[in-house]
Amino acid sequence: MKENSNWILLFLILLLSFTLSGFILGGTEPVSGQSEPITAEIRLQDDFYAAVNAEWLATAEIPADSPSIDNFYVLSKEADQIVRDDLAEMLKTGVPEGNSELAEFIRYYTLAMDFDSREAEGVAPLLPYIERIEALKSLDDLNAVLTGDWAVEGMPFPIDYGISADMADATQYALYLAMPGNILPDKSYYGTEIGDQLLAIFAQMQRTLLTMLGKSEAEAAQIVEQGLAFDDRLVTYAQTAEEKSVITAMYNPRSAEDFSASSRYLDLTALLNSLTGGNVPDQVVLTSTAYFDNIDTVVNPDTFEELKNWMILLMTTSMKNYLTEDYRQAASAYSMTLMGTTEISPKDEVAYETASQLYSEVVGLYYGQTYFGEAAKADVTRMVAAMVAVYKNRLLNNTWLSDATKTEAVKKLDTMVLNIGYPDKLPSVYSELLVDDQVSFLENGMQLTKTYIQSMIARLGTTVDRTEWPLAANVINAMYNPLTNSINFPAAILQEPFYSLEQTHSQNYGGIGAVIAHEISHAFDTNGSAYDEYGNLRNWWTEADYAAFNTLTQAMVEEFDDLPYANGTVDGKLTVTENTADAGGLSCALEVVKGLPDGDLEEFFTNWAVIWRSKLSPEMEHLLLAADVHAPAKLRANIQLQNFDEFFDTFDIQEGDGMWRAPEDRVAIW
């Protein structure tokens with residue numbers, strides 16, 4: 001289920017990979033739009049992004065149930081509606097023959113859409129899981145249930161986990177362990193006025209939910225108070241957004257024996273045995289060490305009641321999309337305030353989104369096979385080949401790299417896995433996700449989650465499949481995965497304005513061409529550069545070359561650092577990986593367009609600005625400035641363009657214009 005198992009399903013994709021857009025499931029690009037009023041009189045030479053997008057910025061409205069609107073949001077909604085329309089037809093005429101996985105998803109989707117049954121059941125499907133937590137009277141009781149399936153059922157626990165390639169040997173899977181997330185979205189919120197306001201709203205929301213679950217007001221108040229106290233204990237060891245952005249720091253191997261000895265109070269041996277079915281690996285990987293080195297200060301007999309009530313709070317909110325409409329409405333108060341929305345999404349849309357999360361690749365493969373044409377795939381494949389060729393040429397002719405480092409870099413480029421459109425097959429787990437029509441939507445979600453988790457954990461001891469897709473084909477996003485050295489372009493993003501057979505080559509290169517090269521560039525950014533051609537954490541640079549690389553990336557840090565935006569400033573260190581990728585992507589795509597017989601730089605630069613058009617609520621702008629590794633949209637568009645001589649020549653930008661940057665201040669890395 002999404003909220004209960006989102007770390008398991010998404011943690012390593014989000015934090016060990018580099019996406020064009022940060023919101024994988026939502027389809028909403030986490031970058032800020034233009035805050036100040038827009039008028040058509042803005043000159044291209046003064047504010048390129050605002051001038052190009054003036055009409056859209058003046059007329060586009062953020063939907064009441066969304067914190068933003070942009071191309072990612074619009075295309076995501078369109079893709080979802082296409083699939084939902086097809087599902088409605090299949091419910092009448094039947095599922096395409098031979099597609100048993102899609103048929104199973106439709107059974108689950110049918111349960112999600114059966115709102116009458118969900119209303120009749122009320123909150124009853126959730127109560128057994130709350131009661132299981134309430135039955136725990138001590139840490140001994142919690143340790144006892146760890147010998148069973150507690151950890152793999154999606155039940156709350158003060159340690160999160162996931163399976164991904166081992167950074168030291170990317171051919172093998174490793175078990176990653178992490179501190180659970182906090183209630184507030186980022187450590188920087190705690191101890192601030194806005195953070196205190198959000199916690200107050202969260203507390204009131206939880207008291208309401210708990211009374212809906214049958215608790216008295218006094219009982220609800222005590223549960224909330226103690227649950228929040230445990231969250232506060234976690235904050236001490238939480239990482240900042242900047243710390244999380246350095247993925248190499250997430251690799252902290254520890255022997256299973258030493259990990260098990262980390263706590264005097266939690267039976268971590270039982271946890272590992274439960275997670276792995278008794279096949280405990282010799283070592284596990286900690287994504288940070290501070291929490292596990294101090295876990296006894298957080299989880300101990302004196303804090304047990306706080307821990308227990310924290311787990312109850314997680315359950316009450318994580319199940320909101322599986323119960324009644326009244327419950328969902330009440331359980332959305334905190335997220336609405338955090339994001340700055342005034343309504344929640346329609347229940348039928350949420351039912352589809354919730355049901356499709358566990359079957360994401362099933363839905364994606366159907367979308368890709370049905371709506372992604374061979375002509376488009378061939379054309380995009382050609383563009384990818386062109387981008388790779390440009391990058392290789394640039395590496396070979398690079399003036400600040402030694403031959404030894406060039407050889408390793410080209411090897412990495414030649415070994416890169418290219419995933420375009422949709423995969424050839426589904427992972428085997430989808431043949432195991434079987435729906436039980438005799439139990440509730442929520443119980444099915446829990447059972448399916450358990451099956452999914454167990455299937456993922458069963459990968460321990462097997463060889464990593466570098467060709468497996470980390471993104472479903474109906475997702476509006478693109479991604480580089482350093483642990484498999486693969487770039488991924490789902491079918492759904494290959495649409496206008498990113499790409500279209502109806503757009504000119506120059507427009508397409510300003511859109512998907514720059515995106516393709518952006519993802520390639522992630523292999524050579526401040527994080528990706530630490531991994532070799534097979535995804536191993538290995539230094540393949542000479543000492544002098546890496547020093548030169550650090551000097552160049554520091555210039556990128558300084559270019560963005562402290563830029564004012566939306567009542568805040570940009571963190572240059574937090575955003576350096578994405579800014580480096582944007583710069584490399586735009587540079588390589590520009591070189592291709594300059595070599596085209598019909599290349600048009602005006603169209604190229606203009607479409608680059610178009611793809612980033614965006615509007616966000618003030619609350620979302622605040623959140624993304626604090627925690628997002630991407631720079632705000634307007635800055636992604638404008639600042640990067642100011643690094644290219646061709647941009648100034650094309651639009652006759654002179655000193656004194658708003659878009660002017662002196663030649664000596666222009667940053668170029670790749």
# chains A, B, ... in the order shown; residues from 1 in each chain; ligands from 1

call {"tool": "residues_around", "arguments": {"residues": "range 211-227 of chain A", "least_positions_apart": "2", "cutoff": "6 Å", "atoms": "only C-alpha atoms", "output": "list in words"}}
result
Arg207, Thr208, Leu209, Ala229, Phe230, Glu306, Asn309 and Trp310 of chain A

call {"tool": "write_last_selection", "arguments": {"atoms": "N, CA and C atoms", "output": "PDB file, in the first residue's frame"}}
result
ATOM      1  N   ARG A 207      -6.491  13.556  15.929  1.00  0.00           N
ATOM      2  CA  ARG A 207      -7.511  13.420  16.973  1.00  0.00           C
ATOM      3  C   ARG A 207      -8.878  13.137  16.344  1.00  0.00           C
ATOM      4  N   THR A 208      -9.163  13.811  15.243  1.00  0.00           N
ATOM      5  CA  THR A 208     -10.428  13.576  14.536  1.00  0.00           C
ATOM      6  C   THR A 208     -10.511  12.147  14.021  1.00  0.00           C
ATOM      7  N   LEU A 209      -9.432  11.667  13.404  1.00  0.00           N
ATOM      8  CA  LEU A 209      -9.426  10.315  12.843  1.00  0.00           C
ATOM      9  C   LEU A 209      -9.583   9.265  13.937  1.00  0.00           C
ATOM     10  N   ALA A 229       5.643  12.890  20.295  1.00  0.00           N
ATOM     11  CA  ALA A 229       6.867  12.879  21.101  1.00  0.00           C
ATOM     12  C   ALA A 229       7.891  11.928  20.496  1.00  0.00           C
ATOM     13  N   PHE A 230       7.442  10.804  19.944  1.00  0.00           N
ATOM     14  CA  PHE A 230       8.378   9.870  19.310  1.00  0.00           C
ATOM     15  C   PHE A 230       8.938  10.464  18.021  1.00  0.00           C
ATOM     16  N   GLU A 306       5.364   5.784  23.507  1.00  0.00           N
ATOM     17  CA  GLU A 306       5.486   6.772  22.425  1.00  0.00           C
ATOM     18  C   GLU A 306       5.620   6.063  21.078  1.00  0.00           C
ATOM     19  N   ASN A 309       2.250   4.469  19.995  1.00  0.00           N
ATOM     20  CA  ASN A 309       1.263   5.431  19.515  1.00  0.00           C
ATOM     21  C   ASN A 309       1.709   6.098  18.221  1.00  0.00           C
ATOM     22  N   TRP A 310       3.011   6.228  18.014  1.00  0.00           N
ATOM     23  CA  TRP A 310       3.531   6.686  16.718  1.00  0.00           C
ATOM     24  C   TRP A 310       3.129   5.711  15.618  1.00  0.00           C
TER      25      TRP A 310
END

call {"tool": "residues_around", "arguments": {"residues": "Glu134 in chain A", "least_positions_apart": "6", "cutoff": "10 Å", "atoms": "only C-alpha atoms", "output": "list of chain:residue names"}}
result
A:Pro128, A:Glu305, A:Lys308, A:Asn309, A:Met311, A:Ile312

call {"tool": "write_last_selection", "arguments": {"atoms": "N, CA and C atoms", "output": "short mmCIF file (atom, residue, chain, number, x, y, z; two decimals), in the first residue's frame"}}
result
data_model
loop_
_atom_site.label_atom_id
_atom_site.label_comp_id
_atom_site.auth_asym_id
_atom_site.auth_seq_id
_atom_site.Cartn_x
_atom_site.Cartn_y
_atom_site.Cartn_z
N PRO A 128 -8.69 -4.03 12.77
CA PRO A 128 -7.83 -5.14 13.19
C PRO A 128 -6.35 -4.78 13.23
N GLU A 305 5.67 3.41 24.89
CA GLU A 305 4.32 3.91 24.64
C GLU A 305 4.32 4.97 23.54
N LYS A 308 4.68 3.03 20.27
CA LYS A 308 3.42 2.34 19.96
C LYS A 308 2.38 3.31 19.39
N ASN A 309 2.25 4.47 20.00
CA ASN A 309 1.26 5.43 19.52
C ASN A 309 1.71 6.10 18.22
N MET A 311 3.21 4.42 15.89
CA MET A 311 2.81 3.42 14.90
C MET A 311 1.32 3.51 14.60
N ILE A 312 0.53 3.79 15.64
CA ILE A 312 -0.91 3.96 15.41
C ILE A 312 -1.17 5.15 14.49
#

call {"tool": "residues_around", "arguments": {"residues": "Phe105 in chain A", "least_positions_apart": "6", "cutoff": "10 Å", "atoms": "only C-alpha atoms", "output": "list in words"}}
result
Leu111, Ala355, Ser356, Leu358, Tyr359, Ser360, Val362, Val363, Tyr430, Leu433, Leu434 and Val435 of chain A

call {"tool": "residues_around", "arguments": {"residues": "range 163-166 of chain A", "least_positions_apart": "2", "cutoff": "10 Å", "atoms": "only C-alpha atoms", "output": "ChimeraX atom specification"}}
result
/A:8-9,11-13,16,161,168-177,251,253,284-285,453,456-460,463-466,482-484,535-537

call {"tool": "write_last_selection", "arguments": {"atoms": "N, CA and C atoms", "output": "short mmCIF file (atom, residue, chain, number, x, y, z; two decimals), in the first residue's frame"}}
result
data_model
loop_
_atom_site.label_atom_id
_atom_site.label_comp_id
_atom_site.auth_asym_id
_atom_site.auth_seq_id
_atom_site.Cartn_x
_atom_site.Cartn_y
_atom_site.Cartn_z
N ILE A 8 9.67 1.05 0.89
CA ILE A 8 10.05 -0.21 0.28
C ILE A 8 9.95 -0.13 -1.23
N LEU A 9 8.90 0.49 -1.72
CA LEU A 9 8.66 0.53 -3.15
C LEU A 9 9.46 1.62 -3.85
N PHE A 11 11.89 4.13 -2.09
CA PHE A 11 13.01 4.80 -1.44
C PHE A 11 14.27 4.78 -2.29
N LEU A 12 14.64 3.62 -2.79
CA LEU A 12 15.91 3.52 -3.50
C LEU A 12 15.83 4.10 -4.90
N ILE A 13 14.64 4.11 -5.48
CA ILE A 13 14.48 4.78 -6.77
C ILE A 13 14.67 6.28 -6.60
N LEU A 16 18.46 6.90 -4.71
CA LEU A 16 19.65 6.35 -5.35
C LEU A 16 19.59 6.53 -6.85
N TYR A 161 13.25 -0.31 5.26
CA TYR A 161 14.15 -1.21 4.55
C TYR A 161 13.80 -1.25 3.07
N ALA A 168 28.83 -1.72 -3.74
CA ALA A 168 30.20 -2.25 -3.86
C ALA A 168 30.28 -3.34 -4.91
N ASP A 169 29.17 -4.01 -5.18
CA ASP A 169 29.10 -5.05 -6.21
C ASP A 169 27.70 -4.98 -6.81
N ALA A 170 27.57 -4.18 -7.85
CA ALA A 170 26.24 -3.88 -8.40
C ALA A 170 25.62 -5.04 -9.15
N THR A 171 26.30 -6.18 -9.20
CA THR A 171 25.68 -7.37 -9.79
C THR A 171 24.80 -8.09 -8.78
N GLN A 172 24.96 -7.74 -7.50
CA GLN A 172 24.23 -8.43 -6.44
C GLN A 172 23.32 -7.45 -5.70
N TYR A 173 22.23 -7.99 -5.16
CA TYR A 173 21.31 -7.17 -4.37
C TYR A 173 21.78 -7.09 -2.92
N ALA A 174 21.44 -5.97 -2.29
CA ALA A 174 21.76 -5.77 -0.88
C ALA A 174 20.50 -5.34 -0.15
N LEU A 175 20.47 -5.60 1.15
CA LEU A 175 19.39 -5.15 2.01
C LEU A 175 19.81 -3.83 2.63
N TYR A 176 19.06 -2.76 2.29
CA TYR A 176 19.32 -1.42 2.81
C TYR A 176 18.37 -1.15 3.98
N LEU A 177 18.91 -0.55 5.04
CA LEU A 177 18.12 -0.23 6.23
C LEU A 177 18.24 1.26 6.52
N TYR A 251 25.92 4.76 1.56
CA TYR A 251 26.47 3.39 1.55
C TYR A 251 27.35 3.19 2.77
N PRO A 253 28.09 -0.06 4.77
CA PRO A 253 27.93 -1.50 5.03
C PRO A 253 28.28 -1.85 6.47
N VAL A 284 24.59 -5.94 5.82
CA VAL A 284 23.50 -5.08 5.39
C VAL A 284 24.09 -3.70 5.13
N VAL A 285 23.28 -2.81 4.55
CA VAL A 285 23.75 -1.46 4.25
C VAL A 285 22.87 -0.46 4.98
N ILE A 453 6.55 -7.30 -1.14
CA ILE A 453 7.75 -7.17 -0.32
C ILE A 453 8.53 -8.48 -0.31
N MET A 456 10.37 -8.99 -3.50
CA MET A 456 11.55 -8.13 -3.62
C MET A 456 12.70 -8.68 -2.76
N ILE A 457 12.38 -9.11 -1.54
CA ILE A 457 13.42 -9.61 -0.64
C ILE A 457 14.01 -10.91 -1.16
N ALA A 458 13.20 -11.69 -1.88
CA ALA A 458 13.70 -12.95 -2.44
C ALA A 458 14.81 -12.72 -3.46
N ARG A 459 15.02 -11.49 -3.87
CA ARG A 459 16.09 -11.20 -4.82
C ARG A 459 17.47 -11.27 -4.18
N LEU A 460 17.53 -11.21 -2.86
CA LEU A 460 18.82 -11.32 -2.19
C LEU A 460 19.50 -12.62 -2.61
N THR A 463 21.27 -12.34 -9.15
CA THR A 463 21.97 -11.36 -9.97
C THR A 463 21.05 -10.23 -10.37
N VAL A 464 21.54 -9.01 -10.28
CA VAL A 464 20.77 -7.83 -10.65
C VAL A 464 20.51 -7.82 -12.15
N ASP A 465 19.28 -7.54 -12.52
CA ASP A 465 18.90 -7.40 -13.93
C ASP A 465 19.04 -5.92 -14.30
N ARG A 466 20.10 -5.57 -15.02
CA ARG A 466 20.36 -4.17 -15.35
C ARG A 466 19.34 -3.60 -16.33
N PRO A 482 22.21 5.20 -11.31
CA PRO A 482 23.65 4.97 -11.28
C PRO A 482 24.04 3.55 -10.93
N LEU A 483 23.15 2.80 -10.24
CA LEU A 483 23.48 1.45 -9.82
C LEU A 483 23.33 0.43 -10.94
N THR A 484 22.68 0.82 -12.02
CA THR A 484 22.62 -0.04 -13.21
C THR A 484 23.19 0.67 -14.43
N GLY A 535 27.85 0.25 -12.34
CA GLY A 535 27.14 0.73 -11.16
C GLY A 535 27.85 0.52 -9.86
N ASN A 536 29.11 0.10 -9.91
CA ASN A 536 29.88 -0.08 -8.68
C ASN A 536 30.42 1.25 -8.18
N LEU A 537 30.41 1.41 -6.88
CA LEU A 537 30.98 2.60 -6.26
C LEU A 537 32.50 2.47 -6.33
#

call {"tool": "residues_around", "arguments": {"residues": "Met446 in chain A", "least_positions_apart": "2", "cutoff": "12 Å", "atoms": "only C-alpha atoms", "output": "PDB file with C-alpha atoms, in the first residue's frame"}}
result
ATOM      1  CA  MET A   1       0.000   0.000   0.000  1.00  0.00           C
ATOM      2  CA  LYS A   2       1.427   3.355  -0.931  1.00  0.00           C
ATOM      3  CA  GLU A   3       1.938   5.122   2.366  1.00  0.00           C
ATOM      4  CA  ASN A   4       2.790   2.029   4.380  1.00  0.00           C
ATOM      5  CA  SER A   5       5.285   0.612   1.950  1.00  0.00           C
ATOM      6  CA  PRO A 125     -11.296  -2.938   7.747  1.00  0.00           C
ATOM      7  CA  LEU A 126      -8.694  -0.777   9.524  1.00  0.00           C
ATOM      8  CA  PRO A 128      -7.832  -5.143  13.189  1.00  0.00           C
ATOM      9  CA  TYR A 129      -4.517  -3.520  12.305  1.00  0.00           C
ATOM     10  CA  ASP A 149       5.440 -11.516   9.407  1.00  0.00           C
ATOM     11  CA  TRP A 150       5.079  -8.097  11.038  1.00  0.00           C
ATOM     12  CA  VAL A 152       6.952  -7.842   5.715  1.00  0.00           C
ATOM     13  CA  GLU A 153       3.256  -7.066   6.079  1.00  0.00           C
ATOM     14  CA  GLY A 154       3.669  -3.314   5.772  1.00  0.00           C
ATOM     15  CA  MET A 155       3.016  -2.800   9.481  1.00  0.00           C
ATOM     16  CA  MET A 315      -1.682   3.463  10.326  1.00  0.00           C
ATOM     17  CA  SER A 318      -1.684   5.518   5.582  1.00  0.00           C
ATOM     18  CA  MET A 319      -5.064   3.875   5.004  1.00  0.00           C
ATOM     19  CA  TYR A 322      -8.940   2.594   1.355  1.00  0.00           C
ATOM     20  CA  ALA A 355      -5.067   0.621  -7.135  1.00  0.00           C
ATOM     21  CA  LEU A 358       1.071  -1.924  -6.715  1.00  0.00           C
ATOM     22  CA  LEU A 433      -0.146 -10.431  -7.056  1.00  0.00           C
ATOM     23  CA  LEU A 434      -3.481 -12.232  -6.803  1.00  0.00           C
ATOM     24  CA  VAL A 435      -6.657 -10.520  -5.586  1.00  0.00           C
ATOM     25  CA  ASP A 436      -9.136 -12.046  -3.123  1.00  0.00           C
ATOM     26  CA  VAL A 439     -12.109  -9.502   1.487  1.00  0.00           C
ATOM     27  CA  SER A 440     -12.025  -5.709   1.557  1.00  0.00           C
ATOM     28  CA  PHE A 441     -10.041  -3.381  -0.647  1.00  0.00           C
ATOM     29  CA  LEU A 442      -7.843  -2.516   2.337  1.00  0.00           C
ATOM     30  CA  GLU A 443      -7.142  -6.126   3.289  1.00  0.00           C
ATOM     31  CA  ASN A 444      -6.296  -6.921  -0.314  1.00  0.00           C
ATOM     32  CA  LEU A 448      -0.645  -7.676  -1.965  1.00  0.00           C
ATOM     33  CA  THR A 449       1.907  -5.479  -0.219  1.00  0.00           C
ATOM     34  CA  LYS A 450       3.191  -8.478   1.711  1.00  0.00           C
ATOM     35  CA  THR A 451       3.504 -10.518  -1.478  1.00  0.00           C
ATOM     36  CA  TYR A 452       5.315  -7.679  -3.200  1.00  0.00           C
ATOM     37  CA  ILE A 453       7.749  -7.168  -0.317  1.00  0.00           C
TER      38      ILE A 453
END

call {"tool": "closest_residue", "arguments": {"among": "A:Asp196, A:Arg264, A:Glu664, A:Tyr499", "to": "Pro301 in chain A", "atoms": "only C-alpha atoms"}}
result
A:Arg264

call {"tool": "select_by_dssp", "arguments": {"residues": "range 233-341 of chain A", "states": "strand (DSSP E)", "output": "PyMOL selection string"}}
result
chain A and resi 252-255+283-286

call {"tool": "write_last_selection", "arguments": {"atoms": "N, CA and C atoms", "output": "mmCIF file, in the first residue's frame"}}
result
data_model
loop_
_atom_site.group_PDB
_atom_site.id
_atom_site.type_symbol
_atom_site.label_atom_id
_atom_site.label_comp_id
_atom_site.auth_asym_id
_atom_site.auth_seq_id
_atom_site.Cartn_x
_atom_site.Cartn_y
_atom_site.Cartn_z
ATOM 1 N N ASN A 252 26.775 2.550 3.776
ATOM 2 C CA ASN A 252 27.474 2.281 5.027
ATOM 3 C C ASN A 252 27.295 0.809 5.381
ATOM 4 N N PRO A 253 28.089 -0.061 4.772
ATOM 5 C CA PRO A 253 27.926 -1.495 5.029
ATOM 6 C C PRO A 253 28.280 -1.849 6.469
ATOM 7 N N ARG A 254 27.541 -2.800 7.004
ATOM 8 C CA ARG A 254 27.786 -3.261 8.363
ATOM 9 C C ARG A 254 27.440 -4.748 8.411
ATOM 10 N N SER A 255 28.240 -5.514 9.101
ATOM 11 C CA SER A 255 27.944 -6.942 9.192
ATOM 12 C C SER A 255 26.590 -7.132 9.855
ATOM 13 N N GLN A 283 26.168 -9.132 5.305
ATOM 14 C CA GLN A 283 26.174 -7.724 5.668
ATOM 15 C C GLN A 283 24.928 -7.030 5.157
ATOM 16 N N VAL A 284 24.588 -5.942 5.816
ATOM 17 C CA VAL A 284 23.495 -5.077 5.395
ATOM 18 C C VAL A 284 24.092 -3.704 5.130
ATOM 19 N N VAL A 285 23.283 -2.809 4.547
ATOM 20 C CA VAL A 285 23.751 -1.458 4.250
ATOM 21 C C VAL A 285 22.869 -0.458 4.978
ATOM 22 N N LEU A 286 23.487 0.425 5.755
ATOM 23 C CA LEU A 286 22.767 1.487 6.447
ATOM 24 C C LEU A 286 22.848 2.753 5.614
#

call {"tool": "closest_residue", "arguments": {"among": "A:Ile639, A:Val610, A:Leu87, A:Met205", "to": "Val52 in chain A", "atoms": "only C-alpha atoms"}}
result
A:Val610

call {"tool": "closest_residue", "arguments": {"among": "A:Ala530, A:Val390, A:Leu198, A:Tyr422", "to": "Lys594 in chain A", "atoms": "only C-alpha atoms"}}
result
A:Val390

call {"tool": "residues_around", "arguments": {"residues": "Asn300 in chain A", "least_positions_apart": "3", "cutoff": "12 Å", "atoms": "only C-alpha atoms", "output": "CSV table (one decimal) with N, CA and C atoms, in the first residue's frame"}}
result
chain,number,residue,atom,x,y,z
A,138,SER,N,4.6,-4.2,25.5
A,138,SER,CA,6.0,-3.9,25.8
A,138,SER,C,6.9,-4.2,24.6
A,139,LEU,N,8.1,-3.9,24.7
A,139,LEU,CA,9.1,-4.2,23.6
A,139,LEU,C,9.2,-5.7,23.5
A,140,ASP,N,9.0,-6.4,24.5
A,140,ASP,CA,9.1,-7.9,24.4
A,140,ASP,C,8.0,-8.4,23.5
A,142,LEU,N,6.6,-6.6,21.0
A,142,LEU,CA,7.0,-6.2,19.7
A,142,LEU,C,8.1,-7.1,19.1
A,158,PRO,N,10.0,1.0,13.5
A,158,PRO,CA,11.0,2.2,13.5
A,158,PRO,C,12.2,1.9,12.7
A,230,PHE,N,7.4,10.8,19.9
A,230,PHE,CA,8.4,9.9,19.3
A,230,PHE,C,8.9,10.5,18.0
A,233,ARG,N,11.7,12.7,18.8
A,233,ARG,CA,13.0,11.9,19.1
A,233,ARG,C,13.7,11.6,17.8
A,263,SER,N,21.1,-2.6,19.0
A,263,SER,CA,20.1,-2.3,20.0
A,263,SER,C,20.1,-3.4,21.1
A,264,ARG,N,20.0,-2.9,22.4
A,264,ARG,CA,19.8,-3.8,23.5
A,264,ARG,C,18.3,-4.2,23.6
A,265,TYR,N,17.5,-3.4,23.0
A,265,TYR,CA,16.0,-3.5,23.3
A,265,TYR,C,15.2,-4.1,22.1
A,266,LEU,N,15.6,-3.8,20.9
A,266,LEU,CA,15.0,-4.4,19.7
A,266,LEU,C,15.7,-5.7,19.3
A,267,ASP,N,14.9,-6.7,19.0
A,267,ASP,CA,15.5,-8.0,18.5
A,267,ASP,C,15.8,-7.9,17.0
A,294,ASN,N,22.6,5.2,17.7
A,294,ASN,CA,22.0,5.8,18.8
A,294,ASN,C,20.5,5.3,19.0
A,295,ILE,N,20.2,4.2,18.4
A,295,ILE,CA,18.8,3.7,18.4
A,295,ILE,C,18.3,3.5,19.8
A,296,ASP,N,19.2,3.1,20.7
A,296,ASP,CA,18.7,2.8,22.0
A,296,ASP,C,18.2,4.1,22.8
A,297,THR,N,18.6,5.2,22.3
A,297,THR,CA,18.1,6.5,22.9
A,297,THR,C,16.8,6.8,22.4
A,303,THR,N,10.4,4.7,26.2
A,303,THR,CA,9.8,5.3,25.1
A,303,THR,C,8.8,4.4,24.4
A,304,PHE,N,8.5,3.2,25.0
A,304,PHE,CA,7.7,2.2,24.2
A,304,PHE,C,6.3,2.8,23.9
A,305,GLU,N,5.7,3.4,24.9
A,305,GLU,CA,4.3,3.9,24.6
A,305,GLU,C,4.3,5.0,23.5
A,306,GLU,N,5.4,5.8,23.5
A,306,GLU,CA,5.5,6.8,22.4
A,306,GLU,C,5.6,6.1,21.1
A,307,LEU,N,6.5,5.1,21.0
A,307,LEU,CA,6.7,4.3,19.8
A,307,LEU,C,5.3,3.6,19.4
A,308,LYS,N,4.7,3.0,20.3
A,308,LYS,CA,3.4,2.3,20.0
A,308,LYS,C,2.4,3.3,19.4

call {"tool": "select_by_dssp", "arguments": {"residues": "range 240-316 of chain A", "states": "alpha helix (DSSP H)", "output": "VMD selection string"}}
result
chain A and resid 241 to 244 256 to 260 268 to 276 290 to 293 295 to 298 304 to 316

call {"tool": "decode", "arguments": {"residues": "range 624-635 of chain A", "atoms": "N, CA and C atoms", "output": "PDB file, in the first residue's frame"}}
result
ATOM      1  N   LEU A 624       9.699  22.905  -1.719  1.00  0.00           N
ATOM      2  CA  LEU A 624      10.678  22.490  -2.719  1.00  0.00           C
ATOM      3  C   LEU A 624      11.991  23.244  -2.596  1.00  0.00           C
ATOM      4  N   LEU A 625      11.934  24.498  -2.202  1.00  0.00           N
ATOM      5  CA  LEU A 625      13.184  25.213  -1.942  1.00  0.00           C
ATOM      6  C   LEU A 625      13.955  24.552  -0.806  1.00  0.00           C
ATOM      7  N   ALA A 626      13.231  24.002   0.161  1.00  0.00           N
ATOM      8  CA  ALA A 626      13.876  23.385   1.317  1.00  0.00           C
ATOM      9  C   ALA A 626      14.415  21.998   1.011  1.00  0.00           C
ATOM     10  N   ALA A 627      13.722  21.242   0.159  1.00  0.00           N
ATOM     11  CA  ALA A 627      14.031  19.813   0.076  1.00  0.00           C
ATOM     12  C   ALA A 627      14.288  19.266  -1.317  1.00  0.00           C
ATOM     13  N   ASP A 628      14.000  20.018  -2.372  1.00  0.00           N
ATOM     14  CA  ASP A 628      14.108  19.461  -3.720  1.00  0.00           C
ATOM     15  C   ASP A 628      15.506  19.641  -4.293  1.00  0.00           C
ATOM     16  N   VAL A 629      16.011  18.605  -4.955  1.00  0.00           N
ATOM     17  CA  VAL A 629      17.342  18.685  -5.571  1.00  0.00           C
ATOM     18  C   VAL A 629      17.318  19.413  -6.908  1.00  0.00           C
ATOM     19  N   HIS A 630      16.133  19.754  -7.390  1.00  0.00           N
ATOM     20  CA  HIS A 630      16.002  20.535  -8.618  1.00  0.00           C
ATOM     21  C   HIS A 630      15.889  22.024  -8.277  1.00  0.00           C
ATOM     22  N   ALA A 631      16.485  22.870  -9.092  1.00  0.00           N
ATOM     23  CA  ALA A 631      16.284  24.306  -8.947  1.00  0.00           C
ATOM     24  C   ALA A 631      14.875  24.668  -9.402  1.00  0.00           C
ATOM     25  N   PRO A 632      14.334  25.802  -8.970  1.00  0.00           N
ATOM     26  CA  PRO A 632      13.013  26.230  -9.439  1.00  0.00           C
ATOM     27  C   PRO A 632      12.959  26.306 -10.967  1.00  0.00           C
ATOM     28  N   ALA A 633      11.782  26.069 -11.517  1.00  0.00           N
ATOM     29  CA  ALA A 633      11.605  25.958 -12.964  1.00  0.00           C
ATOM     30  C   ALA A 633      12.120  27.171 -13.723  1.00  0.00           C
ATOM     31  N   LYS A 634      11.744  28.351 -13.248  1.00  0.00           N
ATOM     32  CA  LYS A 634      12.173  29.565 -13.950  1.00  0.00           C
ATOM     33  C   LYS A 634      13.690  29.651 -14.008  1.00  0.00           C
ATOM     34  N   LEU A 635      14.349  29.245 -12.947  1.00  0.00           N
ATOM     35  CA  LEU A 635      15.806  29.308 -12.913  1.00  0.00           C
ATOM     36  C   LEU A 635      16.430  28.199 -13.752  1.00  0.00           C
TER      37      LEU A 635
END
